[in-house]
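Colleague: One structure coming up, written as structure tokens, with questions to follow.
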Amino acid sequence: IISVTATYMTSFVLGVWVFEETKSLTAFGLTEAFYIVPLVLILPVAGVVVDRYNRKAIMILSDMLAWIATSVILYLQLTGSLQVWHLYIAAIFQGIGNAFQWPAYSAAISNMVEKKQLVRANSMMFLMDDGPSIIAPALGVTLLSITAVGLTGVLVIDVLSFVVAI
């Protein structure tokens, strides 16, 4: 839940950053499009891969891909060279990673949990997906508005959350 919340928070904050930098709703929308299109295109293939290979390894590799993308964004932010197109490229990699992450996680739940606990586990999984999407925007904007934290701090939190998740 911590990692998903941090990732949703970062995604929201980066969208705000894109809009603040460009004043363009198109640029803002493209950040989402560059994430969603690879996700949708790869998802059918990802399901087949998840069924055939080690789910734990797939989840770790997916997290690592997103961690690398976020770490690159953090580095670019720290060096003062972050540009909008960097976020488009990072969004592609994050979309690819999530295309494998969620099917692997969903399938792993059914293998790890006893049948009598499956309803509870699935409910927790939905909480993990939907809960952060409610909390993350408010948390992200709050942290973004704190001068000592800002965009850099939000990215650091996300990078650290990936380390915990991996």
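For the structure tokens, the naming scheme is as follows: chains receive sequential letters (A, B, ...) according to their order of presentation, residues are indexed from 1 within each chain, and ligands are indexed from 1 in presentation order.
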Can you write out as a Markdown table which residues of stretch 10-79 of chain A fall within 8 Å of stretch 133-153 of chain A, alongside each residue's closest atom pair and its distance in Å to one decimal, counting only C-alpha atoms and ordering rows by chain and ascending residue number?

Modeller:
| residue | atom | partner | partner_atom | distance |
| --- | --- | --- | --- | --- |
| A:Thr10 | CA | A:Gly140 | CA | 6.9 |
| A:Phe12 | CA | A:Pro137 | CA | 5.9 |
| A:Val13 | CA | A:Gly140 | CA | 5.8 |
| A:Leu14 | CA | A:Leu151 | CA | 7.8 |
| A:Leu74 | CA | A:Thr152 | CA | 6.5 |
| A:Gln77 | CA | A:Thr152 | CA | 6.7 |
| A:Leu78 | CA | A:Thr152 | CA | 7.1 |

Colleague: Could you save the residues just selected, with N, CA, C and O atoms, as a short mmCIF file (atom, residue, chain, number, x, y, z; two decimals), in the first residue's frame?

Modeller:
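again_34.cif, freshly written:
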data_model
loop_
_atom_site.label_atom_id
_atom_site.label_comp_id
_atom_site.auth_asym_id
_atom_site.auth_seq_id
_atom_site.Cartn_x
_atom_site.Cartn_y
_atom_site.Cartn_z
N THR A 10 3.25 10.41 -6.80
CA THR A 10 4.24 10.92 -7.74
C THR A 10 3.60 11.19 -9.10
O THR A 10 3.85 12.22 -9.72
N PHE A 12 0.52 11.93 -9.78
CA PHE A 12 -0.33 13.11 -9.69
C PHE A 12 0.52 14.38 -9.63
O PHE A 12 0.25 15.35 -10.35
N VAL A 13 1.55 14.37 -8.80
CA VAL A 13 2.41 15.55 -8.64
C VAL A 13 3.15 15.87 -9.94
O VAL A 13 3.29 17.05 -10.30
N LEU A 14 3.58 14.85 -10.66
CA LEU A 14 4.26 15.11 -11.93
C LEU A 14 3.29 15.70 -12.95
O LEU A 14 3.67 16.55 -13.76
N LEU A 74 14.13 11.57 -10.80
CA LEU A 74 14.71 12.22 -9.62
C LEU A 74 16.08 12.82 -9.94
O LEU A 74 16.37 13.96 -9.59
N GLN A 77 15.67 15.87 -12.01
CA GLN A 77 15.15 16.95 -11.18
C GLN A 77 16.28 17.55 -10.33
O GLN A 77 16.41 18.76 -10.21
N LEU A 78 17.09 16.68 -9.74
CA LEU A 78 18.20 17.15 -8.89
C LEU A 78 19.23 17.96 -9.67
O LEU A 78 19.83 18.88 -9.13
#

Colleague: Name all residues at most 9 Å from stretch 95-112 of chain A (count only C-alpha atoms; drop same-chain ones fewer than 6 positions away) and give them as a PDB file with C-alpha atoms, in the first residue's frame.

Modeller:
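Result file out_16.pdb:
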ATOM      1  CA  PHE A  34       2.105   7.724 -22.639  1.00  0.00           C
ATOM      2  CA  TYR A  35       1.373   5.619 -19.547  1.00  0.00           C
ATOM      3  CA  ILE A  36      -1.993   4.155 -20.543  1.00  0.00           C
ATOM      4  CA  VAL A  37      -1.332   3.220 -24.193  1.00  0.00           C
ATOM      5  CA  PRO A  38       1.598   0.835 -23.479  1.00  0.00           C
ATOM      6  CA  LEU A  39      -0.306  -0.550 -20.504  1.00  0.00           C
ATOM      7  CA  VAL A  40      -3.365  -1.383 -22.606  1.00  0.00           C
ATOM      8  CA  LEU A  41      -1.356  -2.741 -25.547  1.00  0.00           C
ATOM      9  CA  ILE A  42       0.872  -4.991 -23.430  1.00  0.00           C
ATOM     10  CA  LEU A  43      -1.699  -6.195 -20.891  1.00  0.00           C
ATOM     11  CA  PRO A  44      -2.974  -9.126 -23.023  1.00  0.00           C
ATOM     12  CA  VAL A  45       0.583 -10.369 -23.578  1.00  0.00           C
ATOM     13  CA  ALA A  46       1.472  -9.763 -19.934  1.00  0.00           C
ATOM     14  CA  GLY A  47      -1.283 -12.096 -18.781  1.00  0.00           C
ATOM     15  CA  VAL A  49       3.720 -14.210 -19.548  1.00  0.00           C
ATOM     16  CA  VAL A  50       2.497 -14.102 -15.944  1.00  0.00           C
ATOM     17  CA  ASP A  51       0.829 -17.499 -16.353  1.00  0.00           C
ATOM     18  CA  ASN A  54       7.662 -16.928 -11.984  1.00  0.00           C
ATOM     19  CA  ARG A  55       5.188 -14.341 -10.698  1.00  0.00           C
ATOM     20  CA  LYS A  56       7.411 -13.170  -7.877  1.00  0.00           C
ATOM     21  CA  ILE A  58       7.873 -10.641 -12.645  1.00  0.00           C
ATOM     22  CA  MET A  59       6.637  -8.443  -9.783  1.00  0.00           C
ATOM     23  CA  ILE A  60      10.208  -7.660  -8.731  1.00  0.00           C
ATOM     24  CA  LEU A  61      11.270  -6.859 -12.309  1.00  0.00           C
ATOM     25  CA  SER A  62       8.189  -4.664 -12.785  1.00  0.00           C
ATOM     26  CA  ASP A  63       8.980  -2.746  -9.611  1.00  0.00           C
ATOM     27  CA  MET A  64      12.602  -2.413 -10.678  1.00  0.00           C
ATOM     28  CA  LEU A  65      11.584  -0.980 -14.057  1.00  0.00           C
ATOM     29  CA  ALA A  66       9.363   1.617 -12.381  1.00  0.00           C
ATOM     30  CA  LEU A 118      -9.500 -15.557  -0.588  1.00  0.00           C
ATOM     31  CA  ALA A 121      -7.383 -11.151   0.395  1.00  0.00           C
ATOM     32  CA  ASN A 122      -9.157  -9.937  -2.739  1.00  0.00           C
ATOM     33  CA  MET A 125      -6.119  -6.101  -2.952  1.00  0.00           C
TER      34      MET A 125
END

Colleague: Would you work out the distance separating atom CA of A:Tyr88 from atom CA of A:Thr26, expressed in Å to one decimal?

Modeller: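 Between atom CA of A:Tyr88 and atom CA of A:Thr26 the gap is 12.3 Å.
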
Colleague: Which neighbours of A:Ala6 fall inside 8 Å, counting only C-alpha atoms, when residues of the same chain fewer than 4 positions from it are skipped, and could you give them as a ChimeraX atom specification?

Modeller: /A:2,10,136,154,157-158,161

Colleague: Using only C-alpha atoms for the distances, tell me which of A:Val84, A:Ser3, A:Val156, A:Ile68 is nearest to A:Leu30.

Modeller: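 Among the listed residues, A:Val84 lies closest to A:Leu30.
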
Colleague: Could you name the residues that touch A:Ala69 at 7 Å or less, counting only C-alpha atoms, but leaving out those on the same chain fewer than 5 positions away, as a CSV table (one decimal) with N, CA and C atoms, in the first residue's frame?

Modeller:
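Saved the output as around_19.csv:
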chain,number,residue,atom,x,y,z
A,90,ALA,N,9.5,8.1,-19.4
A,90,ALA,CA,9.4,7.4,-18.1
A,90,ALA,C,8.0,6.8,-18.0
A,93,PHE,N,7.7,3.4,-19.7
A,93,PHE,CA,8.3,2.3,-19.0
A,93,PHE,C,7.5,2.0,-17.7
A,94,GLN,N,6.9,3.0,-17.1
A,94,GLN,CA,6.0,2.7,-16.0
A,94,GLN,C,4.7,1.9,-16.4

Colleague: Please compute the atom CA of A:Leu127-atom CA of A:Met9 distance, one decimal, in Å.

Modeller: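 Atom-to-atom, atom CA of A:Leu127 and atom CA of A:Met9 are spaced 15.9 Å apart.
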
Colleague: Could you tell me how far atom CA of A:Ala57 sits from atom CA of A:Leu87, in Å to one decimal place?

Modeller: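 Atom CA of A:Leu87 sits 26.0 Å away from atom CA of A:Ala57.
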
Colleague: Out of stretch 102-158 of chain A, which residues get alpha helix (DSSP H) from DSSP, as a ChimeraX atom specification?

Modeller: /A:102-112,118-145,150-158

Colleague: Could you save the residues just selected, with C-alpha atoms, as a PDB file, in the first residue's frame?

Modeller:
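Result file again36.pdb:
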ATOM      1  CA  TRP A 102      -1.009  -6.206 -11.631  1.00  0.00           C
ATOM      2  CA  PRO A 103      -1.693  -9.549 -13.380  1.00  0.00           C
ATOM      3  CA  ALA A 104       1.245 -11.121 -11.529  1.00  0.00           C
ATOM      4  CA  TYR A 105       0.079  -9.760  -8.202  1.00  0.00           C
ATOM      5  CA  SER A 106      -3.543 -10.771  -8.791  1.00  0.00           C
ATOM      6  CA  ALA A 107      -2.581 -14.284  -9.837  1.00  0.00           C
ATOM      7  CA  ALA A 108      -0.123 -14.673  -6.958  1.00  0.00           C
ATOM      8  CA  ILE A 109      -2.832 -13.831  -4.412  1.00  0.00           C
ATOM      9  CA  SER A 110      -4.867 -16.881  -5.392  1.00  0.00           C
ATOM     10  CA  ASN A 111      -1.801 -19.107  -5.008  1.00  0.00           C
ATOM     11  CA  MET A 112      -0.611 -17.667  -1.689  1.00  0.00           C
ATOM     12  CA  LEU A 118      -9.500 -15.557  -0.588  1.00  0.00           C
ATOM     13  CA  VAL A 119     -12.436 -13.129  -0.300  1.00  0.00           C
ATOM     14  CA  ARG A 120     -10.617 -11.181   2.408  1.00  0.00           C
ATOM     15  CA  ALA A 121      -7.383 -11.151   0.395  1.00  0.00           C
ATOM     16  CA  ASN A 122      -9.157  -9.937  -2.739  1.00  0.00           C
ATOM     17  CA  SER A 123     -10.842  -7.186  -0.711  1.00  0.00           C
ATOM     18  CA  MET A 124      -7.443  -6.109   0.610  1.00  0.00           C
ATOM     19  CA  MET A 125      -6.119  -6.101  -2.952  1.00  0.00           C
ATOM     20  CA  PHE A 126      -8.888  -3.745  -4.061  1.00  0.00           C
ATOM     21  CA  LEU A 127      -8.153  -1.572  -1.043  1.00  0.00           C
ATOM     22  CA  MET A 128      -4.516  -1.476  -2.118  1.00  0.00           C
ATOM     23  CA  ASP A 129      -5.524  -0.352  -5.598  1.00  0.00           C
ATOM     24  CA  ASP A 130      -8.347   2.064  -4.811  1.00  0.00           C
ATOM     25  CA  GLY A 131      -7.354   3.440  -1.399  1.00  0.00           C
ATOM     26  CA  PRO A 132      -4.145   5.104  -2.557  1.00  0.00           C
ATOM     27  CA  SER A 133      -5.879   6.687  -5.549  1.00  0.00           C
ATOM     28  CA  ILE A 134      -8.068   8.589  -3.080  1.00  0.00           C
ATOM     29  CA  ILE A 135      -5.346   9.572  -0.606  1.00  0.00           C
ATOM     30  CA  ALA A 136      -2.411  10.155  -2.965  1.00  0.00           C
ATOM     31  CA  PRO A 137      -3.536  13.363  -4.738  1.00  0.00           C
ATOM     32  CA  ALA A 138      -4.220  15.191  -1.467  1.00  0.00           C
ATOM     33  CA  LEU A 139      -0.999  13.933   0.083  1.00  0.00           C
ATOM     34  CA  GLY A 140       0.996  14.756  -3.046  1.00  0.00           C
ATOM     35  CA  VAL A 141      -0.280  18.329  -3.337  1.00  0.00           C
ATOM     36  CA  THR A 142       0.321  18.873   0.366  1.00  0.00           C
ATOM     37  CA  LEU A 143       3.921  17.678   0.097  1.00  0.00           C
ATOM     38  CA  LEU A 144       4.442  19.610  -3.135  1.00  0.00           C
ATOM     39  CA  SER A 145       3.350  22.830  -1.424  1.00  0.00           C
ATOM     40  CA  GLY A 150       8.529  19.807  -3.069  1.00  0.00           C
ATOM     41  CA  LEU A 151       8.844  17.679  -6.189  1.00  0.00           C
ATOM     42  CA  THR A 152      12.254  16.354  -5.181  1.00  0.00           C
ATOM     43  CA  GLY A 153      10.948  15.108  -1.836  1.00  0.00           C
ATOM     44  CA  VAL A 154       7.960  13.388  -3.434  1.00  0.00           C
ATOM     45  CA  LEU A 155      10.287  11.615  -5.891  1.00  0.00           C
ATOM     46  CA  VAL A 156      12.609  10.546  -3.054  1.00  0.00           C
ATOM     47  CA  ILE A 157       9.650   9.075  -1.162  1.00  0.00           C
ATOM     48  CA  ASP A 158       8.618   7.124  -4.271  1.00  0.00           C
TER      49      ASP A 158
END

Colleague: Between A:Gln117, A:Ser71, A:Thr5, A:Gln83, which residue has the minimum interatomic distance to A:Thr31, considering only C-alpha atoms?

Modeller: A:Gln83
